[in-house]
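Below is protein_3.cif, holding mmCIF, C-alpha atoms.
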data_data
loop_
_atom_site.label_atom_id
_atom_site.label_comp_id
_atom_site.auth_asym_id
_atom_site.auth_seq_id
_atom_site.Cartn_x
_atom_site.Cartn_y
_atom_site.Cartn_z
CA SER A 1 -25.77 -10.00 -10.99
CA PRO A 2 -27.88 -13.11 -10.28
CA PHE A 3 -24.84 -15.25 -11.16
CA LEU A 4 -22.66 -13.95 -8.33
CA ARG A 5 -21.71 -16.64 -5.85
CA ASN A 6 -19.75 -16.05 -2.66
CA LYS A 7 -19.14 -12.43 -3.57
CA ARG A 8 -20.18 -9.05 -2.27
CA TYR A 9 -21.48 -6.47 -4.72
CA LYS A 10 -19.93 -3.13 -3.74
CA SER A 11 -20.58 -0.83 -6.69
CA ARG A 12 -20.78 -0.71 -10.45
CA GLU A 13 -17.00 -0.65 -10.64
CA THR A 14 -15.80 -3.34 -8.23
CA ILE A 15 -16.65 -6.77 -6.93
CA ILE A 16 -14.71 -8.21 -4.00
CA THR A 17 -14.57 -11.82 -2.89
CA ARG A 18 -14.22 -13.42 0.52
CA LYS A 19 -11.03 -15.15 -0.58
CA GLY A 20 -9.22 -12.07 0.67
CA PRO A 21 -5.89 -10.54 -0.23
CA GLY A 22 -2.75 -12.54 -0.86
CA TYR A 23 -0.03 -12.57 1.78
CA TYR A 24 3.39 -11.20 0.86
CA SER A 25 5.04 -9.69 3.92
CA ASP A 26 4.57 -9.12 7.60
CA ALA A 27 3.48 -5.69 8.78
CA ILE A 28 6.35 -3.41 9.76
CA GLY A 29 6.83 -3.65 13.52
CA GLN A 30 4.51 -6.63 13.88
CA ALA A 31 4.75 -8.34 17.27
CA GLN A 32 2.68 -10.88 19.18
CA ASP A 33 0.32 -9.34 21.74
CA ALA A 34 -2.46 -11.17 23.58
CA SER A 35 -2.66 -14.96 23.42
CA ASN A 36 -3.89 -18.14 25.03
CA THR A 37 -1.48 -20.98 24.30
CA ALA A 38 -2.28 -23.07 27.37
CA THR A 39 -2.45 -26.83 26.92
CA THR A 40 -5.41 -27.81 24.76
CA ASN A 41 -7.77 -30.13 26.59
CA ALA A 42 -10.98 -30.05 24.50
CA ASP A 43 -12.39 -29.54 21.00
CA ARG A 44 -14.88 -26.76 20.25
CA THR A 45 -17.06 -27.00 17.15
CA VAL A 46 -17.05 -24.26 14.52
CA SER A 47 -19.79 -24.61 11.88
CA LEU A 48 -22.24 -22.63 9.75
CA SER A 49 -24.66 -22.17 12.63
CA LEU A 50 -22.36 -22.38 15.65
CA ARG A 51 -19.89 -19.55 16.17
CA GLN A 52 -17.10 -19.54 18.74
CA ALA A 53 -15.85 -16.29 20.29
CA ALA A 54 -12.59 -15.68 22.15
CA LYS A 55 -12.17 -12.56 24.28
CA PHE A 56 -8.85 -10.71 24.52
CA THR A 57 -7.46 -7.40 25.74
CA ALA A 58 -5.28 -5.20 23.55
CA GLY A 59 -1.87 -4.56 25.08
CA ALA A 60 -1.18 -1.39 23.06
CA THR A 61 -2.94 1.22 20.95
CA GLN A 62 -1.89 -0.29 17.63
CA CYS A 63 -3.34 -2.02 14.58
CA LEU A 64 -4.46 -5.63 14.75
CA VAL A 65 -2.76 -7.15 11.70
CA ARG A 66 -3.19 -10.87 12.37
CA VAL A 67 -4.72 -13.50 14.63
CA ASP A 68 -3.78 -17.19 14.73
CA LEU A 69 -6.42 -19.78 15.64
CA LEU A 70 -5.63 -23.35 16.75
CA LEU A 71 -7.73 -25.34 14.29
CA LYS A 72 -8.06 -28.88 12.94
CA SER A 73 -10.52 -30.78 10.79
CA THR A 74 -12.93 -33.46 11.98
CA SER A 75 -14.99 -36.22 10.37
CA PRO A 76 -16.90 -35.63 8.22
CA ALA A 77 -14.42 -32.98 7.11
CA GLY A 78 -15.55 -29.39 6.96
CA THR A 79 -15.70 -27.53 3.65
CA GLY A 80 -15.43 -23.83 2.93
CA PRO A 81 -13.22 -21.27 4.62
CA VAL A 82 -13.46 -20.22 8.23
CA LEU A 83 -14.48 -16.59 8.50
CA VAL A 84 -12.59 -14.75 11.23
CA GLU A 85 -14.12 -11.52 12.50
CA ILE A 86 -13.10 -9.01 15.13
CA TYR A 87 -15.74 -7.36 17.34
CA THR A 88 -15.70 -4.70 20.01
CA ASP A 89 -16.95 -5.69 23.44
CA ALA A 90 -20.53 -4.85 24.39
CA ALA A 91 -21.36 -5.69 28.00
CA GLY A 92 -19.28 -8.86 27.89
CA SER A 93 -20.36 -10.12 24.46
CA PRO A 94 -19.31 -9.39 20.84
CA GLY A 95 -20.67 -5.98 19.86
CA THR A 96 -19.74 -4.13 16.65
CA LYS A 97 -17.77 -5.88 13.89
CA ILE A 98 -14.59 -3.94 12.98
CA ALA A 99 -12.66 -6.37 10.75
CA THR A 100 -13.05 -9.54 8.68
CA SER A 101 -10.55 -12.10 7.39
CA SER A 102 -10.58 -15.83 6.69
CA ILE A 103 -8.62 -19.08 6.83
CA ALA A 104 -8.72 -21.30 3.74
CA SER A 105 -10.15 -24.79 4.20
CA GLY A 106 -7.09 -26.30 2.51
CA SER A 107 -4.92 -25.04 5.36
CA ILE A 108 -6.86 -26.94 8.02
CA THR A 109 -5.50 -30.45 8.59
CA GLY A 110 -6.23 -33.35 10.90
CA SER A 111 -3.78 -32.05 13.52
CA TYR A 112 -4.11 -28.92 15.61
CA THR A 113 -2.13 -26.06 14.02
CA TYR A 114 -2.06 -22.34 14.67
CA LEU A 115 -3.28 -20.86 11.37
CA PRO A 116 -3.08 -17.13 10.53
CA ALA A 117 -5.90 -14.82 9.49
CA ARG A 118 -4.47 -11.49 8.31
CA PHE A 119 -6.33 -8.17 8.20
CA ILE A 120 -5.50 -5.94 5.26
CA ASN A 121 -7.85 -3.34 6.77
CA ALA A 122 -6.19 -3.66 10.15
CA PRO A 123 -8.40 -2.14 12.87
CA LEU A 124 -6.83 0.26 15.34
CA LEU A 125 -7.26 -1.17 18.84
CA THR A 126 -7.15 0.76 22.10
CA SER A 127 -4.76 -0.31 24.83
CA GLY A 128 -6.61 -1.99 27.70
CA ALA A 129 -9.87 -2.39 25.77
CA SER A 130 -11.53 -5.78 25.28
CA TYR A 131 -12.27 -7.34 21.88
CA TRP A 132 -13.61 -10.61 20.50
CA ILE A 133 -12.35 -13.03 17.85
CA VAL A 134 -15.35 -14.75 16.26
CA ALA A 135 -15.00 -17.75 13.92
CA TYR A 136 -17.53 -19.72 11.86
CA ILE A 137 -17.86 -21.40 8.45
CA GLN A 138 -19.07 -19.20 5.63
CA SER A 139 -22.54 -19.77 4.22
CA ASP A 140 -21.77 -22.15 1.33
CA GLY A 141 -19.56 -24.45 3.44
CA SER A 142 -20.61 -27.61 5.24
CA ASN A 143 -19.93 -29.82 8.28
CA SER A 144 -17.56 -28.36 10.89
CA TYR A 145 -14.02 -27.70 12.12
CA LEU A 146 -12.59 -27.86 15.63
CA TRP A 147 -11.02 -24.98 17.58
CA GLY A 148 -8.81 -26.07 20.47
CA SER A 149 -9.57 -24.85 24.01
CA SER A 150 -8.08 -24.91 27.49
CA ALA A 151 -9.41 -24.35 30.99
CA GLY A 152 -11.04 -20.98 31.66
CA SER A 153 -14.34 -19.14 31.51
CA THR A 154 -14.30 -16.09 29.18
CA SER A 155 -15.24 -17.67 25.82
CA LYS A 156 -18.70 -17.62 24.27
CA SER A 157 -20.60 -19.50 21.61
CA GLY A 158 -23.73 -18.64 19.71
CA ASN A 159 -25.39 -17.97 16.39
CA GLY A 160 -24.09 -14.43 15.93
CA VAL A 161 -27.18 -12.83 17.50
CA SER A 162 -27.32 -14.39 20.96
CA TRP A 163 -24.31 -15.60 22.93
CA THR A 164 -23.86 -18.17 25.71
CA SER A 165 -21.01 -18.03 28.22
CA GLN A 166 -18.77 -21.10 28.24
CA SER A 167 -16.36 -22.61 30.78
CA TYR A 168 -13.32 -22.76 28.48
CA GLU A 169 -10.70 -20.56 26.85
CA LEU A 170 -10.10 -20.83 23.10
CA ASN A 171 -6.48 -21.05 21.94
CA PHE A 172 -5.30 -18.09 19.86
CA LYS A 173 -2.54 -15.54 19.28
CA SER A 174 -2.97 -11.89 18.27
CA TYR A 175 -0.44 -9.61 16.58
CA LEU A 176 -0.24 -5.82 16.61
CA ALA A 177 1.78 -3.33 14.57
CA PRO A 178 2.27 0.44 14.97
CA ASN A 179 -0.24 2.62 13.14
CA ASN A 180 2.29 3.93 10.60
CA PRO A 181 1.33 4.45 6.95
CA PHE A 182 3.12 2.91 3.97
CA LEU A 183 5.42 5.56 2.50
CA GLY A 184 6.74 3.91 -0.67
CA GLY A 185 8.52 0.92 -2.10
CA ILE A 186 10.18 -0.75 -5.07
CA ARG A 187 10.50 -4.23 -6.56
CA TYR A 188 13.53 -4.78 -8.78
CA TYR A 189 15.82 -7.47 -10.18
CA LYS A 190 19.60 -7.30 -10.02
CA THR A 191 21.67 -8.51 -12.97
CA ASP A 192 22.63 -11.64 -10.99
CA GLY A 193 18.94 -12.57 -10.80
CA THR A 194 18.39 -11.49 -7.19
CA LYS A 195 14.86 -10.20 -6.66
CA ILE A 196 14.53 -7.45 -4.07
CA THR A 197 11.50 -5.74 -2.56
CA LEU A 198 11.95 -2.67 -0.38
CA ILE A 199 9.15 -0.96 1.55
CA ALA A 200 9.20 2.07 3.83
CA ASN A 201 7.30 3.73 6.64
CA LYS A 202 8.18 6.49 9.12
CA THR A 203 10.74 4.29 10.86
CA GLY A 204 12.80 3.67 7.72
CA VAL A 205 13.28 1.24 4.83
CA TYR A 206 12.88 -2.54 5.09
CA ARG A 207 13.76 -5.47 2.85
CA VAL A 208 11.20 -8.25 2.42
CA ASN A 209 12.20 -11.90 2.57
CA ASP A 210 10.38 -13.41 -0.42
CA ALA A 211 10.25 -16.87 1.17
CA THR A 212 9.01 -16.03 4.65
CA GLY A 213 7.60 -12.49 4.45
CA ALA A 214 9.88 -11.41 7.29
CA LEU A 215 11.26 -7.85 7.25
CA THR A 216 14.79 -6.59 7.84
CA GLN A 217 15.42 -2.89 8.39
CA ILE A 218 18.18 -1.60 6.12
CA PHE A 219 17.86 2.14 6.80
CA ALA A 220 16.60 4.13 9.78
CA GLY A 221 15.56 7.46 8.31
CA THR A 222 14.32 10.68 9.83
CA THR A 223 11.00 9.83 11.45
CA THR A 224 9.33 13.00 10.14
CA ALA A 225 9.59 11.77 6.53
CA THR A 226 6.18 11.46 4.86
CA TYR A 227 7.27 9.63 1.70
CA TYR A 228 10.09 7.67 0.06
CA ARG A 229 10.86 7.74 -3.68
CA PHE A 230 12.86 4.93 -5.29
CA GLU A 231 14.77 4.43 -8.52
CA LYS A 232 16.85 1.52 -9.84
CA VAL A 233 20.28 2.53 -11.11
CA ASP A 234 23.62 0.75 -11.65
CA ASP A 235 22.29 -2.50 -10.10
CA LYS A 236 21.32 -0.59 -6.96
CA ALA A 237 18.22 0.98 -5.47
CA CYS A 238 18.48 4.72 -4.91
CA PHE A 239 16.01 6.33 -2.53
CA VAL A 240 15.19 9.80 -1.19
CA ASN A 241 12.71 11.09 1.37
CA GLY A 242 13.06 14.88 1.43
CA LYS A 243 14.75 14.70 4.86
CA ASP A 244 17.93 12.63 4.53
CA VAL A 245 20.67 12.73 1.89
CA PRO A 246 20.09 10.32 -1.03
CA GLN A 247 21.02 6.69 -0.37
CA PHE A 248 22.19 3.69 -2.41
CA TYR A 249 21.34 0.07 -1.51
CA ASP A 250 23.37 -2.59 -3.33
CA GLY A 251 21.56 -5.60 -1.90
CA SER A 252 23.64 -5.81 1.24
CA THR A 253 24.71 -2.31 2.33
CA VAL A 254 23.11 1.13 2.46
CA SER A 255 25.38 4.14 1.96
CA ALA A 256 25.01 7.82 1.04
CA VAL A 257 25.19 8.51 -2.69
CA PRO A 258 28.79 9.61 -3.43
CA GLY A 259 29.34 13.08 -4.82
CA SER A 260 27.18 14.79 -2.18
CA PRO A 261 23.92 15.39 -4.06
CA PRO A 262 21.55 17.43 -1.87
CA VAL A 263 18.60 16.27 0.19
CA ALA A 264 16.03 15.51 -2.50
CA LYS A 265 12.30 14.88 -2.77
CA ASP A 266 12.42 12.85 -6.00
CA VAL A 267 14.92 10.87 -8.07
CA LYS A 268 14.84 9.67 -11.68
CA LEU A 269 17.28 7.98 -14.07
CA HIS A 270 17.20 9.74 -17.44
CA LYS A 271 19.63 9.83 -20.36
CA ASN A 272 22.11 7.77 -18.33
CA ARG A 273 22.16 10.45 -15.63
CA LEU A 274 20.72 10.40 -12.14
CA HIS A 275 18.48 13.42 -11.53
CA PHE A 276 17.63 14.67 -8.03
CA LEU A 277 14.87 17.16 -7.34
CA SER A 278 16.14 19.40 -4.54
CA ALA A 279 13.98 19.49 -1.41
CA SER A 280 15.00 23.06 -0.56
CA ASP A 281 14.58 24.91 -3.87
CA SER A 282 13.45 24.43 -7.49
CA ARG A 283 16.67 22.86 -8.80
CA ASP A 284 17.21 19.63 -10.70
CA ILE A 285 20.73 18.38 -9.89
CA PHE A 286 22.09 15.69 -12.20
CA SER A 287 25.13 13.42 -12.36
CA GLU A 288 27.67 13.04 -15.10
CA ALA A 289 26.65 10.63 -17.86
CA GLY A 290 27.20 7.07 -16.66
CA ASP A 291 28.93 8.30 -13.51
CA PHE A 292 26.38 8.37 -10.70
CA SER A 293 28.95 9.49 -8.14
CA THR A 294 29.97 12.77 -9.77
CA TYR A 295 27.88 15.97 -9.57
CA LEU A 296 29.65 18.97 -11.03
CA SER A 297 28.89 22.46 -9.74
CA VAL A 298 27.37 23.36 -13.14
CA ASN A 299 25.16 20.27 -13.35
CA PHE A 300 21.87 21.85 -12.36
CA PHE A 301 19.13 24.11 -13.60
CA TYR A 302 16.07 25.75 -12.06
CA ILE A 303 12.49 24.83 -12.95
CA PRO A 304 11.69 27.27 -14.29
CA SER A 305 13.57 29.84 -12.19
CA PRO A 306 14.97 30.37 -8.66
CA ARG A 307 12.38 30.80 -5.89
CA SER A 308 9.51 29.63 -8.08
CA ALA A 309 6.27 29.77 -6.10
CA ASP A 310 4.82 26.88 -8.12
CA GLU A 311 7.11 24.12 -6.84
CA VAL A 312 7.79 20.90 -8.71
CA LEU A 313 5.96 18.00 -7.09
CA LYS A 314 7.03 15.04 -9.21
CA MET A 315 9.41 13.99 -11.98
CA SER A 316 8.63 11.34 -14.60
CA VAL A 317 10.27 10.00 -17.74
CA MET A 318 8.03 9.88 -20.80
CA GLN A 319 8.81 9.50 -24.51
CA ASP A 320 12.53 10.10 -23.91
CA ASN A 321 11.90 13.35 -22.05
CA LEU A 322 12.00 14.29 -18.39
CA ILE A 323 8.70 15.77 -17.19
CA PHE A 324 8.47 18.09 -14.17
CA ARG A 325 4.95 18.50 -12.79
CA THR A 326 3.89 21.40 -10.59
CA ARG A 327 0.51 22.18 -9.08
CA GLU A 328 -0.35 24.51 -11.96
CA THR A 329 1.44 23.09 -15.01
CA LYS A 330 4.29 20.91 -16.28
CA TRP A 331 7.73 21.46 -17.80
CA VAL A 332 9.55 19.26 -20.31
CA LEU A 333 13.33 18.74 -20.46
CA TYR A 334 14.75 17.79 -23.85
CA GLY A 335 18.36 16.85 -24.65
CA SER A 336 21.10 14.78 -23.05
CA ASP A 337 23.79 17.16 -21.73
CA LEU A 338 24.47 20.79 -20.84
CA SER A 339 25.00 21.72 -24.48
CA SER A 340 21.67 20.26 -25.63
CA PHE A 341 19.37 20.51 -22.60
CA THR A 342 16.27 22.59 -23.33
CA LEU A 343 13.58 23.26 -20.75
CA ARG A 344 10.21 24.49 -21.96
CA ARG A 345 6.71 24.66 -20.67
CA SER A 346 4.53 21.86 -21.98
CA THR A 347 1.84 22.69 -24.52
CA ALA A 348 -0.46 20.62 -22.27
CA LEU A 349 -0.80 22.60 -19.07
CA ALA A 350 -2.51 20.26 -16.57
CA GLY A 351 -0.45 19.98 -13.39
CA LEU A 352 -0.78 17.72 -10.35
CA THR A 353 -2.42 17.97 -6.92
CA ASN A 354 0.25 15.90 -5.17
CA ALA A 355 3.15 13.59 -5.96
CA GLU A 356 1.07 10.42 -5.44
CA GLY A 357 -1.57 11.49 -7.95
CA LEU A 358 0.43 10.40 -11.02
CA ALA A 359 0.58 7.01 -12.77
CA GLY A 360 1.99 6.03 -16.15
CA GLN A 361 1.69 3.14 -18.58
CA ASP A 362 3.04 2.74 -22.13
CA ASN A 363 2.97 6.17 -23.80
CA TYR A 364 0.45 7.78 -21.46
CA GLU A 365 0.44 9.39 -18.05
CA TYR A 366 -2.62 9.88 -15.85
CA SER A 367 -2.75 12.67 -13.31
CA VAL A 368 -5.07 14.01 -10.62
CA VAL A 369 -5.51 17.73 -11.20
CA ASP A 370 -7.64 20.19 -9.23
CA ASN A 371 -10.41 20.11 -11.84
CA GLY A 372 -10.33 16.47 -12.91
CA ILE A 373 -8.37 13.37 -13.93
CA TYR A 374 -6.35 13.80 -17.12
CA GLN A 375 -4.60 11.57 -19.66
CA PHE A 376 -1.38 13.02 -21.11
CA ASN A 377 -0.04 11.65 -24.40
CA GLY A 378 3.11 13.78 -24.53
CA ALA A 379 1.47 16.65 -26.37
CA THR A 380 -2.10 17.13 -25.13
CA ASP A 381 -4.18 16.58 -22.00
CA ILE A 382 -7.50 14.75 -22.25
CA LEU A 383 -10.06 14.98 -19.44
CA ILE A 384 -11.21 11.41 -18.71
CA SER A 385 -13.16 12.12 -15.52
CA GLU A 386 -16.10 13.86 -17.20
CA PRO A 387 -18.52 10.92 -16.62
CA ILE A 388 -17.88 11.09 -12.86
CA GLN A 389 -17.18 14.82 -12.61
CA PRO A 390 -19.83 15.59 -9.95
CA ASP A 391 -18.32 12.89 -7.71
CA PHE A 392 -14.81 14.20 -8.35
CA ASP A 393 -15.77 17.80 -7.65
CA ALA A 394 -17.32 16.75 -4.34
CA ILE A 395 -13.96 15.52 -2.98
CA ALA A 396 -12.80 18.18 -0.55
CA ASN A 397 -9.21 17.04 -0.05
CA LYS A 398 -7.81 16.30 -3.51
CA GLU A 399 -4.25 16.55 -2.18
CA GLU A 400 -4.75 13.12 -0.59
CA MET A 401 -5.77 11.35 -3.81
CA SER A 402 -3.44 8.76 -5.32
CA ALA A 403 -3.28 7.00 -8.69
CA VAL A 404 -2.18 3.41 -9.39
CA ILE A 405 -2.23 1.33 -12.57
CA SER A 406 -2.54 -2.45 -12.25
CA GLY A 407 -4.16 -5.10 -14.43
CA ASN A 408 -4.95 -2.59 -17.21
CA LEU A 409 -7.02 -0.55 -14.76
CA LEU A 410 -6.33 2.93 -13.46
CA ARG A 411 -7.47 3.27 -9.86
CA VAL A 412 -7.68 6.74 -8.36
CA PHE A 413 -8.12 6.47 -4.61
CA TYR A 414 -9.79 9.22 -2.61
CA PRO A 415 -11.19 9.97 0.86
CA LEU A 416 -14.84 10.57 1.62
CA ALA A 417 -15.85 13.76 3.41
CA GLY A 418 -14.44 13.81 6.92
CA GLU A 419 -12.10 10.87 6.34
CA THR A 420 -8.33 10.98 6.68
CA GLN A 421 -7.61 7.89 4.55
CA ASN A 422 -8.36 6.93 0.95
CA THR A 423 -11.14 4.38 1.35
CA HIS A 424 -12.75 4.59 -2.11
CA ALA A 425 -11.58 4.57 -5.71
CA PHE A 426 -12.57 5.62 -9.19
CA VAL A 427 -11.70 2.81 -11.63
CA TYR A 428 -10.93 3.57 -15.29
CA ASP A 429 -10.58 0.72 -17.81
CA LEU A 430 -7.56 1.62 -19.97
CA LYS A 431 -8.56 -0.80 -22.73
CA PHE A 432 -12.21 0.16 -23.13
CA LYS A 433 -11.73 3.77 -21.95
CA ILE A 434 -14.64 3.72 -19.53
#

How would this structure read if it were set down as structure tokens?
Amino acid sequence: SPFLRNKRYKSRETIITRKGPGYYSDAIGQAQDASNTATTNADRTVSLSLRQAAKFTAGATQCLVRVDLLLKSTSPAGTGPVLVEIYTDAAGSPGTKIATSSIASGSITGSYTYLPARFINAPLLTSGASYWIVAYIQSDGSNSYLWGSSAGSTSKSGNGVSWTSQSYELNFKSYLAPNNPFLGGIRYYKTDGTKITLIANKTGVYRVNDATGALTQIFAGTTTATYYRFEKVDDKACFVNGKDVPQFYDGSTVSAVPGSPPVAKDVKLHKNRLHFLSASDSRDIFSEAGDFSTYLSVNFFYIPSPRSADEVLKMSVMQDNLIFRTRETKWVLYGSDLSSFTLRRSTALAGLTNAEGLAGQDNYEYSVVDNGIYQFNGATDILISEPIQPDFDAIANKEEMSAVISGNLLRVFYPLAGETQNTHAFVYDLKFKI
């Protein structure tokens, strides 16, 4: 579009801006690594044409999640954000760019302050290797800012193409975090108005401080867990991970769910009962109605039978029914108790490639299936991926795909050939159905 300003055109589906992502929480395990906080004795200009570069050495093989730069404004005051980029080292100068972030102009005041630039695509650094932090004003800004420096000789300045060695050290701090993937989370409100966000990775479950973004570990789970599933019930968060027994978190304490439900790979609240999908067989084990601590010996059934080869991957609640999705198909549970429960195979047969490939909104569910992306209305499946079917068919590892609905858009993330992470997405507009 000729009307784009300060934006990067990525594809027909998405446009991203340099404003960057919003900050909500620290990275799990984040800790300060390399830094230069020596006494500042000089100002170094950062402008559109003059870039400053600070060299540092990674202290661990971890992800660079944040750098802080000691910045202040000058007169005439600079405008526009400061772009902060990370480069590999090439013969003592910045080489290949591996990450980009920014610091908003409104954060830069007349006094020196360490200001954070966070990397949502945090690059994995190698312990002992050298890297460069490069800062400059983006192209539609003006004037300049100042970056504090101390005595030393490893910094450089230049125009981004050629670099000149300088006899000073720029003041900065870098922060690393272990290269552990996000395994699940939940945001929920308690009846007393308390707002709680929980997130998980391989080291366990953490609570986010809404005011500061700091994290507090509330549960140290089995480190081989590859996911966490959450459900709100009885003013608590219930979570499972397929490795540990189900847990309750009441806002202050984590404890095993009473009644000894088994290790489970999914949990759902349905018909005032808590349902657990057993991690060891094809059973759904459910509580007594309104009593989430009692699990009678008869409160279970198999989906659809013991030792089923087509295991259930995910449960969901839709149109007052409990849906069980397998790789090949789906099963629907009707009723509210043992006398009325009826399990039948759905008339719509599309299954699911993996538990993360399902998203729901209103009266529809959207699922990633081996042969496409489907919309389920409770009775029939509709293939919505036909316009991009060649691209979908070309994805080799469909078990890694994940589906998320946000802002009336369905995003189905997927890896390119040879990649181990989902770096791209199909975007489906739920309103206009395109």

Expanded to explicit residues, what is the PyMOL selection byres ((chain A and resi 54) around 12) for this file, as a PyMOL selection string?
chain A and resi 34-36+44+51-53+55-57+67-70+84-89+92-94+130-135+147-150+152-158+163+165-174

Would you please work out which residue, of A:Lys202, A:Lys265, A:Gly184, A:Thr197, is nearest to A:Tyr249 when using only C-alpha atoms?
A:Thr197

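Between atom CA of A:Gly259 and atom CA of A:Ser305 the separation is 24.2 Å.
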
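Picked by the PyMOL selection byres ((chain A and resi 31) around 7) from the coordinates shown: Gly29, Gln30, Gln32, Asp33, Tyr175, Leu176 and Ala177 of chain A.
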
Which residue is closest to A:Thr79? Choose from A:Ser144, A:Thr109, A:Ser282, A:Ser102 and count only C-alpha atoms.
A:Ser144

I'd like the interatomic distance between atom CA of A:Gly185 and atom CA of A:Cys238, to a tenth of an Å.
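Between these atoms lies a distance of 11.0 Å.
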
Evaluate the PyMOL selection byres ((chain A and resi 405) around 10) and record the selected residues as a list in words, following the chain and residue labels used in the document.
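With the PyMOL selection byres ((chain A and resi 405) around 10) on this model, the match is Leu358, Ala359, Gly360, Gln361, Tyr366, Ala403, Val404, Ser406, Gly407, Asn408, Leu409, Leu410, Arg411, Val412, Val427, Tyr428, Asp429 and Leu430 of chain A.
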
Using only C-alpha atoms, determine which residues lie at most 8 Å from A:Tyr136, disregarding the query and same-chain residues fewer than 5 positions distant; provide the list as a PyMOL selection string.
chain A and resi 46-52+82-84

Of the candidates A:Thr212, A:Ala99, A:Tyr206, A:Ala350, which one gets nearest to A:Tyr23 if we count all atoms listed in the file?
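Among the listed residues, the smallest separation from A:Tyr23 belongs to A:Thr212.
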
Distance cut-off 6 Å, centre (-5.4, -23.3, 15.1) in file coordinates, counting only C-alpha atoms: which residues qualify? Return them as a list in words.
Leu69, Leu70, Leu71, Tyr112, Thr113, Tyr114 and Leu115 of chain A

Residue completion, stretch 223-236 of chain A, N, CA and C atoms, as a compact mmCIF listing (two decimals), in the coordinates of the input:
# COMPACT_ATOMS: atom_id res chain seq x y z
N THR A 223 12.36 10.31 11.21
CA THR A 223 11.00 9.83 11.45
C THR A 223 9.92 10.82 11.01
N THR A 224 10.31 12.04 10.63
CA THR A 224 9.33 13.00 10.14
C THR A 224 9.10 12.89 8.64
N ALA A 225 9.80 11.97 7.97
CA ALA A 225 9.59 11.77 6.53
C ALA A 225 8.16 11.30 6.27
N THR A 226 7.55 11.84 5.21
CA THR A 226 6.18 11.46 4.86
C THR A 226 6.10 10.68 3.55
N TYR A 227 7.24 10.41 2.94
CA TYR A 227 7.27 9.63 1.70
C TYR A 227 8.69 9.14 1.46
N TYR A 228 8.81 8.12 0.61
CA TYR A 228 10.09 7.67 0.06
C TYR A 228 9.90 7.48 -1.44
N ARG A 229 10.86 7.94 -2.23
CA ARG A 229 10.86 7.74 -3.68
C ARG A 229 12.06 6.87 -4.04
N PHE A 230 11.83 5.91 -4.94
CA PHE A 230 12.86 4.93 -5.29
C PHE A 230 13.15 4.96 -6.79
N GLU A 231 14.37 4.58 -7.13
CA GLU A 231 14.77 4.43 -8.52
C GLU A 231 15.86 3.36 -8.60
N LYS A 232 15.80 2.50 -9.63
CA LYS A 232 16.85 1.52 -9.84
C LYS A 232 17.92 2.12 -10.74
N VAL A 233 19.17 1.98 -10.34
CA VAL A 233 20.28 2.53 -11.11
C VAL A 233 21.55 1.75 -10.79
N ASP A 234 22.32 1.37 -11.82
CA ASP A 234 23.62 0.75 -11.65
C ASP A 234 23.54 -0.47 -10.73
N ASP A 235 22.50 -1.29 -10.89
CA ASP A 235 22.29 -2.50 -10.10
C ASP A 235 22.02 -2.21 -8.63
N LYS A 236 21.63 -0.98 -8.32
CA LYS A 236 21.32 -0.59 -6.96
C LYS A 236 19.92 0.04 -6.92
